[in-house]
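Written below as structure tokens is the structure these notes are about.
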Amino acid sequence: MPEDGRTRRWSGTVGGLLLALVLVAVGVGVLTDRDSGEGAGCTPRTIGAWTADDRLTAEFARYGDDPARADDWTGGDGTHSVRLPDGRVLWLFSDTYLGAVHGPPNPFGEPYSWRDTTAPLVRNSAVLMRGGRLESTLPAPLFPDPAPNQWRWPVAARVEPRSPGSAEQVVRVLLWVRTTGPYPWIYGVPTATEVATLSLPDLRVESVTKVLDEQRVEDPSRRVLFGTTLVEDGEWTYVFGGDDGRAASRNASSAYVARVPVGGLAEPGAWEYWDGSAWTTGARPRPVLGDGRRTGVGSAFSVVRQDGTYVLFTMAAGTKGLAAVTSYWACSPTGPWHGPDGDFTPPLPSGQVAAYNPQTHPAVSGGGRPVLSYDVNWLETAGASAQLNRNVSLYRPRFVMLRLVPRR
């Protein structure tokens, strides 16, 4: 996810992305030997096939290129989504370009739509879709900076009761708070996990609650931010997160999991963290995935539950992780996780680009086939902002449809 705004901010953006890409590319590893129990109907599953979702990819291209309004979304990363009770889909993004897009050719004579270098870049945005068509961008940024030199990146979201048992529904959006820091924290120092409450149906931000403040953890590489993905299972919402170990020259980052009763995401006291042997509210979370040496996860991965089996998607290990997605499976959110399996390389535009942040989207999935997005950005730091402006199609999500099959 990009870093800072305009010229100064964008140099940090791409530098941060480059580091995040390496972090994501580390891949996912083997759990400890403990077993927290198998879910009903759990069977090993892997990616059996995939197809490009050209319709959904093209819809974001159409909307981003539409010159009708100057305050619309024209590109972004950190792609997440949630279906609202009235059928609309709310798409959430981290660093986002607004402004006008001009049709081809660009100033270099290339056949690309382009934007001016003065186009605004904001920390987060939200776009509404109805009937498969993107309609409008909410005022951006939707979530203001919490303090000087800090910003908020929205991650996973869900619709839930305002409080446990309540008939009124609201939207909860997990937020990552990051703070400007020195190298190697060029994409921000992990600071806190927050939960925003949005009213329905008008999507007004009512409140933002801090659920986990990590500033007291002295080593930033051991701070954990939650919300890269949510999985609903019965009366619980499982919230996955990760640390930023790679930024401190460790070989891998680790994955963690918390659980919250349905309706309790905005209540810090309702969160329970897996401490390695039990769910607790009073202890530090312990990793459920990654050995801390050569295996682990990046800061962005996704998990779905299908027929009692949890399936995790992340970028593959090593240099393959700049383009290839892989999967792991488990019978419980706490593991043990098995894999990797089912590596595949989705389509990428030409040039020095890389894929990152694979996210599943139940809001637009169907027929037992998860829809997965992946973000794209220019790989090299030098001149990256110029490349993204001269070809606006680069900094937008792409989509594929997956078929999960029993693992042999």
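Residues are named by chain letter and number: chains run A, B, ... in the order of the structure tokens, numbers start at 1 in each chain, and ligands are numbered from 1 in the order shown.
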
Residue contacts of stretch 339-343 of chain A (6 Å, only C-alpha atoms) excluding same-chain residues fewer than 3 positions away, as a PyMOL selection string: chain A and resi 46-47+325-328

Serialized selection, N, CA and C atoms, as an mmCIF file, in the first residue's frame:
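Wrote it out as result_36.cif, contents follow:
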```cif
data_model
loop_
_atom_site.group_PDB
_atom_site.id
_atom_site.type_symbol
_atom_site.label_atom_id
_atom_site.label_comp_id
_atom_site.auth_asym_id
_atom_site.auth_seq_id
_atom_site.Cartn_x
_atom_site.Cartn_y
_atom_site.Cartn_z
ATOM 1 N N THR A 46 -7.577 -26.963 -2.242
ATOM 2 C CA THR A 46 -6.571 -26.163 -2.914
ATOM 3 C C THR A 46 -7.203 -25.508 -4.148
ATOM 4 N N ILE A 47 -6.455 -24.657 -4.801
ATOM 5 C CA ILE A 47 -6.935 -24.007 -6.022
ATOM 6 C C ILE A 47 -6.835 -25.005 -7.173
ATOM 7 N N VAL A 325 0.150 -16.279 -6.914
ATOM 8 C CA VAL A 325 -0.672 -16.467 -5.719
ATOM 9 C C VAL A 325 -0.639 -17.944 -5.339
ATOM 10 N N THR A 326 -0.655 -18.239 -4.043
ATOM 11 C CA THR A 326 -0.694 -19.613 -3.572
ATOM 12 C C THR A 326 -1.734 -19.734 -2.466
ATOM 13 N N SER A 327 -2.005 -20.969 -2.017
ATOM 14 C CA SER A 327 -3.040 -21.174 -0.997
ATOM 15 C C SER A 327 -2.579 -22.168 0.051
ATOM 16 N N TYR A 328 -3.215 -22.075 1.223
ATOM 17 C CA TYR A 328 -3.016 -22.984 2.344
ATOM 18 C C TYR A 328 -4.398 -23.337 2.885
#
```

Would you compute the distance between atom CA of A:Met129 and atom CA of A:Ala70? Give it in Å to one decimal.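 Interatomic distance, atom CA of A:Met129 to atom CA of A:Ala70: 18.3 Å.
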
How close does stretch 220-282 of chain A get to stretch 75-98 of chain A? List, as JSON lines, each residue of stretch 220-282 of chain A within 12 Å, its nearest atom pair and the distance in Å to one decimal, counting only C-alpha atoms.
```
{"residue": "A:Gly227", "atom": "CA", "partner": "A:His80", "partner_atom": "CA", "distance": 10.6}
{"residue": "A:Thr228", "atom": "CA", "partner": "A:His80", "partner_atom": "CA", "distance": 9.0}
{"residue": "A:Thr229", "atom": "CA", "partner": "A:His80", "partner_atom": "CA", "distance": 8.8}
{"residue": "A:Leu230", "atom": "CA", "partner": "A:His80", "partner_atom": "CA", "distance": 10.6}
```

Please identify all polymer residues within 8 Å of stretch 197-203 of chain A, counting only C-alpha atoms, omitting same-chain residues fewer than 6 positions from it, and present them as a ChimeraX atom specification. /A:86,169-173,266

Show which residues sit within 10 Å of A:Val371, as a ChimeraX atom specification. Count only C-alpha atoms, and ignore same-chain residues fewer than 4 positions away. /A:50-53,56,359-366,399-403

Write a file of the selected residues as a compact mmCIF listing (two decimals), in the first residue's frame, keeping C-alpha atoms.
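Result file is result_29.txt:
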```txt
# COMPACT_ATOMS: atom_id res chain seq x y z
CA TRP A 50 -8.92 -20.01 -12.09
CA THR A 51 -10.26 -17.71 -14.79
CA ALA A 52 -9.82 -13.99 -15.26
CA ASP A 53 -12.91 -11.99 -14.28
CA LEU A 56 -15.28 -6.89 -13.02
CA GLN A 359 -8.21 -10.43 -1.33
CA THR A 360 -11.36 -12.52 -1.69
CA HIS A 361 -14.73 -10.81 -2.15
CA PRO A 362 -17.76 -12.78 -0.92
CA ALA A 363 -19.89 -9.75 -1.85
CA VAL A 364 -19.45 -10.52 -5.56
CA SER A 365 -18.74 -14.27 -5.38
CA GLY A 366 -21.24 -17.00 -6.18
CA PHE A 399 -9.98 -9.90 -10.55
CA VAL A 400 -10.04 -13.67 -11.03
CA MET A 401 -12.58 -16.38 -10.18
CA LEU A 402 -11.24 -19.44 -8.36
CA ARG A 403 -12.40 -23.04 -8.18
```

May I have the residues within 9 Å of A:Trp236 as a VMD selection string, using only C-alpha atoms and disregarding those fewer than 5 positions away in the same chain? chain A and resid 231 259 to 262

Hey, can you check how far atom CA of A:Arg398 sits from atom CA of A:Arg55?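 Taking atom CA of A:Arg398 as the start and atom CA of A:Arg55 as the end point, the length is 10.0 Å.
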
Between atom CA of A:Arg284 and atom CA of A:Ala300, what is the distance in Å, rounded to a tenth?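 Separation between atom CA of A:Arg284 and atom CA of A:Ala300: 20.7 Å.
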